[in-house]
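**Q** Sharing a structure below in structure tokens format, with a few things to ask.
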Amino acid sequence: MNVAIIGGGVGGMMTALLLAKRGVHVTIFEKNERLGGRLSFIERDGFRIDAGPTIVLLPEKLRAFLSDVGIEEDEYELVSCDPMYTIHFADGTSYTKYSDEKKQREEIRRVFPGEEERFVRFMRDMNTYFTTGERLILTKSFLNKKTFFTKETLALLSRMRAYQSVKTNVSRYFQDERLQLAYSLQTLYIGGNPYATPSLYSLVSFSEHAHGVHYVKGGYASLVSLLAKKLQQAGVTVHVQAPVKRYRVNGKKVESIEVNGKEYQFDAVIMNIDEPTMMAKKRTWHPSSSCVLLYIGLGRTYEAPIHQFFLPPSFQQHMEDVFVRQVVPSDPSFYTFYPSALDRSLAPEGKSVLYVLIPVPASRDIDWTKQQDWLERIVAEVEKRAFPNMKQEIEWMHVRTPQHAWQEGLYGGGMFGIAPTLFQSGPFRPQVKSTLYENVYGVGASVHPGGGVPIVMQGAKLCTEQLLRDWSEQRWS
């Protein structure tokens with residue numbers, strides 16, 4: 001069996017390795033000059049920092065999936081972040097999250113007295129929901145929507161009030177608005193609005209406590225070189241700078257693809273791209289939010305946490321600017337990633353790297369080349385609230401905006417695939433097999449089960465299983 005994978009992101013690489021392990025001949029076509037997709041580095045003058053994902057969740061899943069493709073634990077290092085991160089509110093309050101539940105209760109007693117038992121109830125309920133949800137939703141495909149709506153799944157959706165938003169759901173547990181935000185903002189990890197993303201995604205903030213937040217030593221993107229090495233060992237053919245120009249379709253099958261003027265024939269094609277149009281009937285998909293990202297090389301080091309979140313006086317207004325009004329946020333929240341807190345290998349001696357993320361609309365209507373004053377205000381705010389005298393220590397700064405996301409082919413300019421809305425989740429999301437073409441499959445952030453590196457790896461497993469099942473049925477029919 002010969003299979004083409006279009007796109008060499010983490011989903012494409014994982015699927016290729018899982019298929020090769022089963023004796024399938026796999027060829028990857030990647031339009032860029034490197035593999036990895038969102039997992040990449042910004043490198044300059046001896047500095048290196050992750051360009052994409054930074055927060056490692058579900059570490060045991062990550063370890064298990066890497067082991068499945070032959071990457072053993074001694075080939076990389078996962079470092080536990082404990083404290084996990086600190087959230088700074090506009091009123092000067094700071095709240096730190098810990099892996100240890102007892103330590104967390106003490107922190108809540110210190111900052112939000114009277115909320116401790118509500119946190120215990122939140123964790124207890126979410127633990128039950130997580131175990132059930134993982135079994136019923138994360139580890140299954142829903143090629144037929146009816147298979148999703150079982151009595152057990154409907155009972156889970158009812159108990160979690162899936163029709164409500166994460167913010168509304170969390171407010172059932174916590175009384176203080178600030179604590180509600182502390183357990184809602186995690187939807188931004190996958191480009192979702194906490195005021196609209198369905199309550200099932202409340203499990204992300206639970207998972208941080210239950211499974212911990214981790215960091216990959218050397219940067220998350222260091223996993224790409226390990227995966228690329230395994231691809232070579234497995235005999236997978238990789239073409240980079242190889243954009244697909246044309247798909248030749250015969251009836252309900254893609255018979256061949258054209259790349260750099262050459263035609264290739266395959267038994268099946270796997271799409272590891274953000275654009276979901278080959279996966280499901282034409283409909284309007286809503287992209288996730290986008291980001292402005294600042295990558296900074298600093299001439300000194302700081303005593304600062306690896307992860308911090310900074311909220312404005314009105315977080316809701318920021319979310320409305322991003323998801324409803326779709327304008328440049330006037331007073332945005334922002335997230336800082338300072339990996340040099342744990343990893344001195346990322347910068348020259350005595351120096352460090354910093355990454356700042358500001359959620360913004362994916363809209364094409366904003367000209368980000370004209371937002372220099374806004375960017376300077378953001379840098380000033382980061383200096384004021386997090387890194388004193390930072391501006392004078394900046395040796396270089398690289399800025400990435402939604403315009404870059406559009407140029408790179410990220411769907412609708414969103415940085416996280418299609419948005420995790422109610423009717424773009426579970427059975428309503430593109431599945432691992434196309435409903436339009438018999439031999440087209442999909443994997444990646446826009447395909448069920450969704451975004452986040454370990455979840456995309458779960459999707460690779462589902463995609464592999466579906467393709468092999470179909471191939472086996474064809475051979476015996």
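All residue names refer to the structure tokens as shown: chains lettered A, B, ... in order, residues numbered from 1 in each chain, ligands numbered from 1 in order.
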Can you tell me which residues surround Ile28 (chain A) at a distance of at most 7 Å, considering only C-alpha atoms, apart from same-chain residues fewer than 4 positions away, and format the answer as a list in words?
**A**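 My list of contacting residues is Ala4, Ile5, Ile6, Gly7, Gly8, Thr237, Val238 and His239 of chain A.
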**Q** I need the residues in region 14-169 of chain A that are strand (DSSP E or B) according to DSSP; give them as a PyMOL selection string.
**A** chain A and resi 25-29+36+41-44+47-50+56+78-81+85-88+94-97+165
**Q** May I have all residues of region 100-322 of chain A that DSSP, computed from the backbone, assigns to alpha helix (DSSP H), given as a PyMOL selection string?
**A** chain A and resi 101-111+116-133+151-159+166-171+177-182+203-211+222-233+315-320
**Q** Pick out the residues sitting within 9 Å of region 442-449 of chain A, and hand them over as number ranges by chain; count only C-alpha atoms, and ignore anything fewer than 4 positions along from it in its own chain.
**A** A: 9-12, 15, 137-142, 190, 269-276, 278-279, 411, 416-419, 425-434, 453, 455-460, 462-463
**Q** When you look at Val26 (chain A) with a cut-off of 7 Å (counting only C-alpha atoms), what residues show up, excluding the ones that are within fewer than 5 positions of it in the same chain? I need them as a PyMOL selection string.
**A** chain A and resi 2-4+16+20+236-237
**Q** What's the 7 Å shell around region 300-314 of chain A, counting only C-alpha atoms, without same-chain residues fewer than 2 positions away, as a list in words?
**A**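 Everything that qualifies: Tyr85, Thr86, Ile87, His88, Phe89, Ala90, Leu298, Gln316, Gln317, His318, Asp331, Pro332, Ser333, Phe334, Tyr335, Thr336, Phe337, Tyr338, Pro339, Ala341, Gly350, Lys351, Ser352 and Glu393 of chain A.
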**Q** Determine the nearest neighbour of Phe423 (chain A) from the options A:Ala196, A:Ala386, A:Cys291, A:Ala242, counting only C-alpha atoms.
**A**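 Looking only at the distances to Phe423 (chain A), the closest residue turns out to be A:Ala196.
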**Q** Given only C-alpha atoms as the basis, pick out the residue of A:Ser256, A:Thr277, A:Ser289, A:Gln424 nearest to Val360 (chain A).
**A**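 Of all the options, A:Ser289 lies closest to Val360 (chain A).
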**Q** Give me, as a PyMOL selection string, all polymer residues having an atom no more than 7 Å from region 167-177 of chain A, counting only C-alpha atoms and skipping those fewer than 3 positions away in the same chain.
**A** chain A and resi 115+118+122+164+180-181+183-184+194-195+199
**Q** By how many Å are CA of Val213 (chain A) and CA of Ala228 (chain A) apart?
**A**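 So the two atoms, CA of Val213 (chain A) and CA of Ala228 (chain A), lie 25.3 Å apart.
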**Q** Taking into account only C-alpha atoms, which residue in the set A:Arg63, A:His286, A:Lys21, A:Lys461 is nearest to His214 (chain A)?
**A**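 Ranked by minimum distance to His214 (chain A), first place goes to A:Arg63.
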